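A.B. asks: So I've got this file, protein18.txt, and it contains compact mmCIF, C-alpha atoms:
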```txt
# COMPACT_ATOMS: atom_id res chain seq x y z
CA MET U 699 82.59 23.15 309.11
CA SER U 700 80.94 24.03 312.41
CA ASN U 701 82.35 23.15 315.80
CA ALA U 702 79.30 20.96 316.38
CA THR U 703 80.12 18.88 313.32
CA VAL U 704 83.76 18.53 314.34
CA ASP U 705 82.69 17.47 317.82
CA GLU U 706 80.31 14.90 316.33
CA ILE U 707 83.10 13.46 314.20
CA LEU U 708 85.42 13.29 317.19
CA THR U 709 82.72 11.51 319.20
CA LEU U 710 82.29 8.98 316.38
CA ILE U 711 86.06 8.44 316.29
CA ASP U 712 86.09 7.86 320.03
CA ARG U 713 83.49 5.13 319.56
CA LEU U 714 85.44 3.29 316.88
CA PRO U 715 86.98 -0.06 317.78
CA GLU U 716 90.78 -0.09 317.92
CA SER U 717 91.18 -1.78 314.53
CA ASP U 718 89.05 0.89 312.82
CA ARG U 719 90.92 3.64 314.66
CA GLN U 720 94.14 2.23 313.24
CA ARG U 721 92.64 2.11 309.73
CA LEU U 722 91.51 5.70 310.10
CA ASP U 723 94.97 6.81 311.27
CA GLU U 724 96.59 5.06 308.30
CA ALA U 725 94.11 6.58 305.86
CA LEU U 726 94.70 10.07 307.27
CA ASP U 727 98.48 9.56 307.10
CA LEU U 728 98.19 8.55 303.43
CA ARG U 729 96.03 11.59 302.73
CA ARG U 730 98.48 13.94 304.47
CA GLU U 731 101.43 12.41 302.63
CA SER U 732 99.63 12.77 299.30
CA GLU U 733 98.85 16.39 300.12
CA TRP U 734 102.53 17.08 300.91
CA GLN U 735 103.73 15.29 297.76
CA LYS U 736 101.49 17.54 295.65
CA ALA U 737 102.80 20.60 297.49
CA ALA U 738 106.39 19.40 297.01
CA VAL U 739 105.95 19.29 293.23
CA GLN U 740 104.95 22.95 293.28
CA MET U 741 107.61 23.95 295.84
CA ARG U 742 110.37 22.27 293.81
CA ARG U 743 109.20 23.78 290.53
CA GLU U 744 109.15 27.27 292.04
CA ALA U 745 112.50 26.73 293.76
CA ALA U 746 114.06 25.63 290.47
CA GLU U 747 112.63 28.67 288.70
CA ARG U 748 114.19 30.91 291.36
CA GLY U 749 117.53 29.12 291.30
CA ILE U 750 117.36 27.90 294.88
CA ASP U 751 120.00 25.29 295.62
CA GLU U 752 121.53 23.73 298.75
CA ALA U 753 123.85 26.72 299.21
CA ALA U 754 120.91 29.14 299.09
CA ILE U 755 119.10 27.08 301.72
CA ASP U 756 122.16 27.01 303.98
CA THR U 757 122.50 30.79 303.55
CA ALA U 758 118.82 31.35 304.44
CA ILE U 759 119.24 29.29 307.61
CA HIS U 760 122.49 31.08 308.49
CA GLU U 761 120.84 34.48 308.06
CA HIS U 762 117.85 33.40 310.14
CA ARG U 763 120.09 32.19 312.97
CA TYR U 764 122.83 34.78 312.92
CA GLY U 765 121.07 37.75 311.35
CA SER U 766 121.74 39.38 308.00
CA MET M 754 120.96 4.17 315.02
CA LYS M 755 119.53 7.51 316.13
CA ILE M 756 119.67 10.57 313.89
CA LEU M 757 118.74 14.23 314.33
CA PHE M 758 118.50 16.11 311.05
CA ASP M 759 118.90 19.87 311.28
CA THR M 760 116.51 22.28 309.54
CA ASN M 761 118.50 22.26 306.29
CA ALA M 762 117.64 18.61 305.63
CA TYR M 763 113.87 19.13 305.73
CA ILE M 764 113.96 22.35 303.70
CA ALA M 765 116.23 20.75 301.09
CA GLU M 766 113.93 17.73 300.93
CA ALA M 767 110.94 20.00 300.31
CA LEU M 768 112.55 22.34 297.79
CA LEU M 769 115.14 20.16 296.07
CA GLY M 770 114.41 16.52 296.76
CA GLU M 771 117.68 14.96 295.63
CA ALA M 772 120.25 14.11 298.33
CA ALA M 773 118.13 15.20 301.29
CA THR M 774 115.28 12.94 300.21
CA ILE M 775 117.69 10.03 299.79
CA ALA M 776 119.22 10.69 303.22
CA ILE M 777 115.92 10.87 305.09
CA GLU M 778 114.17 8.08 303.20
CA THR M 779 117.17 5.78 303.59
CA THR M 780 117.26 6.51 307.30
CA LEU M 781 113.59 5.60 307.62
CA THR M 782 113.95 2.49 305.46
CA ALA M 783 116.83 1.33 307.63
CA SER M 784 114.48 1.68 310.63
CA TRP M 785 116.86 4.14 312.22
CA ARG M 786 115.08 6.52 314.53
CA ILE M 787 114.75 10.20 313.64
CA TYR M 788 114.48 12.85 316.33
CA THR M 789 113.55 16.50 316.14
CA CYS M 790 112.77 19.42 318.43
CA GLN M 791 110.40 22.38 318.41
CA THR M 792 113.17 24.78 317.38
CA ILE M 793 113.71 22.84 314.16
CA LEU M 794 109.97 22.56 313.47
CA ASP M 795 109.53 26.31 313.94
CA GLU M 796 112.57 27.07 311.79
CA ILE M 797 111.28 24.92 308.94
CA GLU M 798 108.08 26.94 308.76
CA ARG M 799 109.59 30.38 309.35
CA ILE M 800 112.55 30.04 306.99
CA LEU M 801 110.44 28.57 304.20
CA VAL M 802 107.96 31.45 304.44
CA GLU M 803 110.08 34.41 305.50
CA ARG M 804 113.39 33.68 303.77
CA LEU M 805 112.47 31.49 300.82
CA ASN M 806 109.01 32.86 299.97
CA VAL M 807 107.24 29.52 300.07
CA GLN M 808 103.45 29.53 300.49
CA ALA M 809 102.50 29.40 304.16
CA SER M 810 100.24 26.38 303.62
CA HIS M 811 103.09 24.44 301.99
CA ALA M 812 105.49 25.39 304.78
CA LEU M 813 102.99 24.18 307.36
CA LEU M 814 102.56 20.86 305.52
CA THR M 815 106.35 20.43 305.50
CA LYS M 816 106.59 21.15 309.20
CA GLN M 817 103.76 18.71 309.97
CA ARG M 818 105.39 16.03 307.83
CA CYS M 819 108.64 16.40 309.76
CA ARG M 820 106.71 16.04 313.01
CA ARG M 821 104.97 12.88 311.81
CA ARG M 822 108.21 11.15 310.89
CA ALA M 823 110.28 12.06 313.92
CA THR M 824 110.20 11.68 317.67
CA LEU M 825 109.87 15.09 319.31
CA ILE M 826 112.38 15.82 322.06
CA ALA M 827 111.01 18.20 324.66
CA GLU M 828 113.18 21.27 325.03
CA ARG M 829 114.27 22.05 328.57
CA PRO M 830 117.09 23.91 330.27
CA SER M 831 120.33 22.18 329.37
CA LYS M 832 124.04 22.38 330.05
CA HIS M 833 124.68 21.82 326.34
CA ARG M 834 125.32 25.19 324.72
CA VAL M 835 126.86 26.27 321.44
CA PRO M 836 129.52 28.89 322.27
CA GLY M 837 128.56 32.19 320.67
CA ASP M 838 125.28 30.95 319.23
CA PRO M 839 122.33 30.58 321.60
CA ASN M 840 120.04 29.89 318.60
CA ASP M 841 121.74 26.56 317.95
CA SER M 842 121.84 25.46 321.59
CA PRO M 843 118.35 23.85 321.63
CA ILE M 844 119.35 21.73 318.62
CA LEU M 845 122.57 20.55 320.27
CA ALA M 846 120.70 19.95 323.54
CA ALA M 847 117.99 17.92 321.76
CA ALA M 848 120.65 15.80 320.06
CA CYS M 849 122.33 15.12 323.40
CA ASP M 850 119.06 14.50 325.27
CA ALA M 851 117.92 12.03 322.60
CA GLY M 852 121.31 10.33 322.68
CA VAL M 853 121.59 10.45 318.91
CA ASP M 854 124.53 8.96 317.10
CA TYR M 855 124.54 11.65 314.41
CA LEU M 856 123.46 15.27 314.23
CA VAL M 857 123.28 16.01 310.50
CA THR M 858 123.68 19.71 309.75
CA ASN M 859 125.29 22.16 307.38
CA ASP M 860 125.62 24.79 310.13
CA LYS M 861 129.33 25.58 310.30
CA LEU M 862 129.28 26.47 314.00
CA LEU M 863 127.62 23.18 314.93
CA LEU M 864 129.95 21.27 312.62
CA SER M 865 132.96 22.85 314.36
CA LEU M 866 131.93 21.12 317.61
CA ASP M 867 132.25 17.59 316.17
CA PRO M 868 132.45 15.32 318.07
CA TYR M 869 130.37 16.67 320.95
CA GLU M 870 130.32 14.16 323.81
CA SER M 871 128.94 11.00 322.16
CA VAL M 872 127.30 12.85 319.25
CA ARG M 873 128.99 12.94 315.84
CA ILE M 874 128.09 16.20 314.07
CA ILE M 875 128.41 15.77 310.33
CA SER M 876 127.32 17.48 307.13
CA MET M 877 124.61 16.17 304.84
CA ALA M 878 127.29 15.19 302.31
CA ALA M 879 129.23 13.26 304.96
CA PHE M 880 126.02 11.54 306.07
CA ILE M 881 125.34 10.44 302.50
CA ASP M 882 128.91 9.11 302.32
CA MET M 883 128.29 7.20 305.55
CA LEU M 884 125.11 5.69 304.11
CA GLN M 885 127.13 4.59 301.09
CA ASP M 886 129.84 3.09 303.31
CA GLU M 887 127.11 1.19 305.18
CA GLY M 888 125.90 -0.18 301.84
CA LEU M 889 122.49 1.44 302.26
CA ILE M 890 122.68 3.44 299.03
CA ASP M 891 124.62 2.88 295.84
CA SER M 892 125.48 6.41 294.81
CA HIS M 893 124.36 9.99 295.22
CA LYS M 894 124.18 13.13 293.19
```
Once you've parsed the file, please lay out its structure as structure tokens.
C.D. replies:
Amino acid sequence: MSNATVDEILTLIDRLPESDRQRLDEALDLRRESEWQKAAVQMRREAAERGIDEAAIDTAIHEHRYGS
Amino acid sequence: MKILFDTNAYIAEALLGEAATIAIETTLTASWRIYTCQTILDEIERILVERLNVQASHALLTKQRCRRRATLIAERPSKHRVPGDPNDSPILAAACDAGVDYLVTNDKLLLSLDPYESVRIISMAAFIDMLQDEGLIDSHK
């Protein structure tokens, strides 16, 4: 998508009445949540395949913070 | 009630679901306020990609989701420091600046500071127990 198109969309959004802006925000939130839920299914499947559990996550954070 | 979940909660929610999902969703359902800071947001993305080999696009989505659900506390110079661990200091400072009731973390160094001023620093398991005691959830895995 070109910058011109993005700018046009942003201009249209700016012109929306408040109620439509709110509807747009809610629709985008739902879309983003749906996108994350789909990603989570894949992340959890791959994590299970690799045996990642809470202890492995805590270890990864510990190593990131304190070095390994 | 004000809560600051450490990085482990968001990564566990993304990769495991289970208890972390229950903890965060119950907190939101109870209309308790969740706070975060840029250090946690950056850690979510970096640790998922660099330590746990998650796709970068999925890590970014997880970071953005955390941002959407939490109030971001601006990081600024603070007197609140974790002895021996400068990496954790922004998280402790954010918890104090936000005036949270609970900092939920599995970081042993942070947990060793409990209580810190008015902030209770508790593990994810202890937070789940607290939610049970409050009658907000029936049981957990």
A.B. asks: Using all atoms listed in the file, I'd like a table of the residues in stretch 702-758 of chain U that come within 10 Å of stretch 854-876 of chain M; for each, show the closest atom pair and its distance in Å rounded to one decimal, ordered by chain and ascending number, as CSV.
C.D. replies:
```
residue,atom,partner,partner_atom,distance
U:Glu752,CA,M:Asn859,CA,9.5
U:Ala753,CA,M:Asn859,CA,9.5
U:Ile755,CA,M:Asn859,CA,9.7
U:Asp756,CA,M:Asn859,CA,6.7
U:Thr757,CA,M:Asp860,CA,9.4
```
A.B. asks: Once you count only C-alpha atoms, which residues of chain U turn out to be within 7 Å of chain M? Could you give them as a list of chain:residue names?
C.D. replies: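 Written out as asked, the residues are U:Trp734, U:Ala737, U:Ala738, U:Met741, U:Arg742, U:Ala745, U:Glu752, U:Ile755, U:Asp756, U:Ala758, U:Ile759, U:Arg763.
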A.B. asks: Write a file of the just-selected residues containing C-alpha atoms, as a tab-separated table (two decimals), in the coordinates of the input.
C.D. replies:
```tsv
chain	number	residue	atom	x	y	z
U	734	TRP	CA	102.53	17.08	300.91
U	737	ALA	CA	102.80	20.60	297.49
U	738	ALA	CA	106.39	19.40	297.01
U	741	MET	CA	107.61	23.95	295.84
U	742	ARG	CA	110.37	22.27	293.81
U	745	ALA	CA	112.50	26.73	293.76
U	752	GLU	CA	121.53	23.73	298.75
U	755	ILE	CA	119.10	27.08	301.72
U	756	ASP	CA	122.16	27.01	303.98
U	758	ALA	CA	118.82	31.35	304.44
U	759	ILE	CA	119.24	29.29	307.61
U	763	ARG	CA	120.09	32.19	312.97
```
A.B. asks: Within 8 Å of M:Arg834, counting all atoms listed in the file, which residues show up once you throw out same-chain ones fewer than 6 positions away? Write them as a list in words, please.
C.D. replies: Asp841, Ser842, Pro843, Leu845 and Ala846 of chain M
A.B. asks: To one decimal place, how far is atom CA of M:Gln791 from atom CA of U:Glu761 in Å?
C.D. replies: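 One can read the atom CA of M:Gln791 to atom CA of U:Glu761 distance as 19.0 Å.
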A.B. asks: Could you give me, as a list of chain:residue names, the residues that sit within 12 Å of (116.8, 11.1, 322.7) in the file's coordinates, counting all atoms listed in the file?
C.D. replies: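 Those residues, ordered by chain and then number, are M:Met754, M:Lys755, M:Ile756, M:Leu757, M:Arg786, M:Ile787, M:Tyr788, M:Thr789, M:Cys790, M:Ala823, M:Thr824, M:Leu825, M:Ile826, M:Ala827, M:Glu828, M:Ile844, M:Leu845, M:Ala846, M:Ala847, M:Ala848, M:Cys849, M:Asp850, M:Ala851, M:Gly852, M:Val853, M:Asp854, M:Tyr855, M:Leu856, M:Val872.
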A.B. asks: To one decimal place, how far is atom CA of U:Gln735 from atom CA of M:Gln885 in Å?
C.D. replies: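 Here the two named atoms are 25.9 Å from each other.
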A.B. asks: May I ask for the distance between atom CA of M:Leu794 and atom CA of M:Lys816, given in Å to one decimal place?
C.D. replies: 5.6 Å
A.B. asks: Contacts of U:Leu722 at 9 Å or less, counting all atoms listed in the file, minus same-chain residues fewer than 5 places along, as a compact mmCIF listing (two decimals) with C-alpha atoms, keeping the file's coordinate frame?
C.D. replies:
```txt
# COMPACT_ATOMS: atom_id res chain seq x y z
CA ILE U 711 86.06 8.44 316.29
CA SER U 717 91.18 -1.78 314.53
CA ASP U 727 98.48 9.56 307.10
```
A.B. asks: Could you give me the centre and size, in Å to one decimal, of an axis-aligned box around all listed atoms of stretch 729-746 of chain U with 8 Å added on every side, as AutoDock Vina command-line options?
C.D. replies:
```
--center_x 105.0 --center_y 19.4 --center_z 297.5 --size_x 34.0 --size_y 31.7 --size_z 30.0
```
A.B. asks: N, CA and C atoms are needed for stretch 850-874 of chain M; please write them out as a CSV table (one decimal), in the coordinates of the input.
C.D. replies:
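For reference, rebuild.csv as written:
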```
chain,number,residue,atom,x,y,z
M,850,ASP,N,120.1,15.1,324.5
M,850,ASP,CA,119.1,14.5,325.3
M,850,ASP,C,118.5,13.2,324.6
M,851,ALA,N,118.4,13.2,323.3
M,851,ALA,CA,117.9,12.0,322.6
M,851,ALA,C,119.0,10.9,322.5
M,852,GLY,N,120.2,11.3,322.8
M,852,GLY,CA,121.3,10.3,322.7
M,852,GLY,C,121.5,9.9,321.3
M,853,VAL,N,121.4,10.8,320.3
M,853,VAL,CA,121.6,10.4,318.9
M,853,VAL,C,123.0,10.1,318.6
M,854,ASP,N,123.2,9.3,317.6
M,854,ASP,CA,124.5,9.0,317.1
M,854,ASP,C,125.1,10.1,316.2
M,855,TYR,N,124.1,10.6,315.4
M,855,TYR,CA,124.5,11.6,314.4
M,855,TYR,C,123.6,12.8,314.4
M,856,LEU,N,124.2,14.0,314.5
M,856,LEU,CA,123.5,15.3,314.2
M,856,LEU,C,123.9,15.7,312.8
M,857,VAL,N,123.0,15.7,311.9
M,857,VAL,CA,123.3,16.0,310.5
M,857,VAL,C,122.9,17.5,310.2
M,858,THR,N,123.9,18.3,309.9
M,858,THR,CA,123.7,19.7,309.8
M,858,THR,C,124.7,20.3,308.8
M,859,ASN,N,124.3,21.4,308.2
M,859,ASN,CA,125.3,22.2,307.4
M,859,ASN,C,125.7,23.5,308.1
M,860,ASP,N,125.3,23.6,309.3
M,860,ASP,CA,125.6,24.8,310.1
M,860,ASP,C,127.1,24.7,310.6
M,861,LYS,N,127.9,25.7,310.1
M,861,LYS,CA,129.3,25.6,310.3
M,861,LYS,C,129.7,25.6,311.8
M,862,LEU,N,129.0,26.4,312.6
M,862,LEU,CA,129.3,26.5,314.0
M,862,LEU,C,129.0,25.1,314.7
M,863,LEU,N,127.9,24.5,314.4
M,863,LEU,CA,127.6,23.2,314.9
M,863,LEU,C,128.7,22.2,314.5
M,864,LEU,N,129.0,22.2,313.2
M,864,LEU,CA,130.0,21.3,312.6
M,864,LEU,C,131.3,21.4,313.3
M,865,SER,N,131.6,22.6,313.7
M,865,SER,CA,133.0,22.8,314.4
M,865,SER,C,133.1,22.2,315.7
M,866,LEU,N,131.9,21.8,316.3
M,866,LEU,CA,131.9,21.1,317.6
M,866,LEU,C,132.2,19.6,317.5
M,867,ASP,N,132.1,19.0,316.3
M,867,ASP,CA,132.2,17.6,316.2
M,867,ASP,C,133.6,17.1,316.7
M,868,PRO,N,133.6,16.0,317.4
M,868,PRO,CA,132.4,15.3,318.1
M,868,PRO,C,132.1,16.1,319.4
M,869,TYR,N,130.8,16.1,319.7
M,869,TYR,CA,130.4,16.7,321.0
M,869,TYR,C,129.9,15.6,321.9
M,870,GLU,N,130.6,15.3,322.9
M,870,GLU,CA,130.3,14.2,323.8
M,870,GLU,C,130.2,12.9,322.9
M,871,SER,N,129.0,12.2,323.0
M,871,SER,CA,128.9,11.0,322.2
M,871,SER,C,128.3,11.2,320.8
M,872,VAL,N,128.0,12.5,320.5
M,872,VAL,CA,127.3,12.8,319.2
M,872,VAL,C,128.3,13.2,318.1
M,873,ARG,N,128.2,12.5,317.0
M,873,ARG,CA,129.0,12.9,315.8
M,873,ARG,C,128.2,14.0,315.1
M,874,ILE,N,128.8,15.1,314.8
M,874,ILE,CA,128.1,16.2,314.1
M,874,ILE,C,128.7,16.3,312.7
```
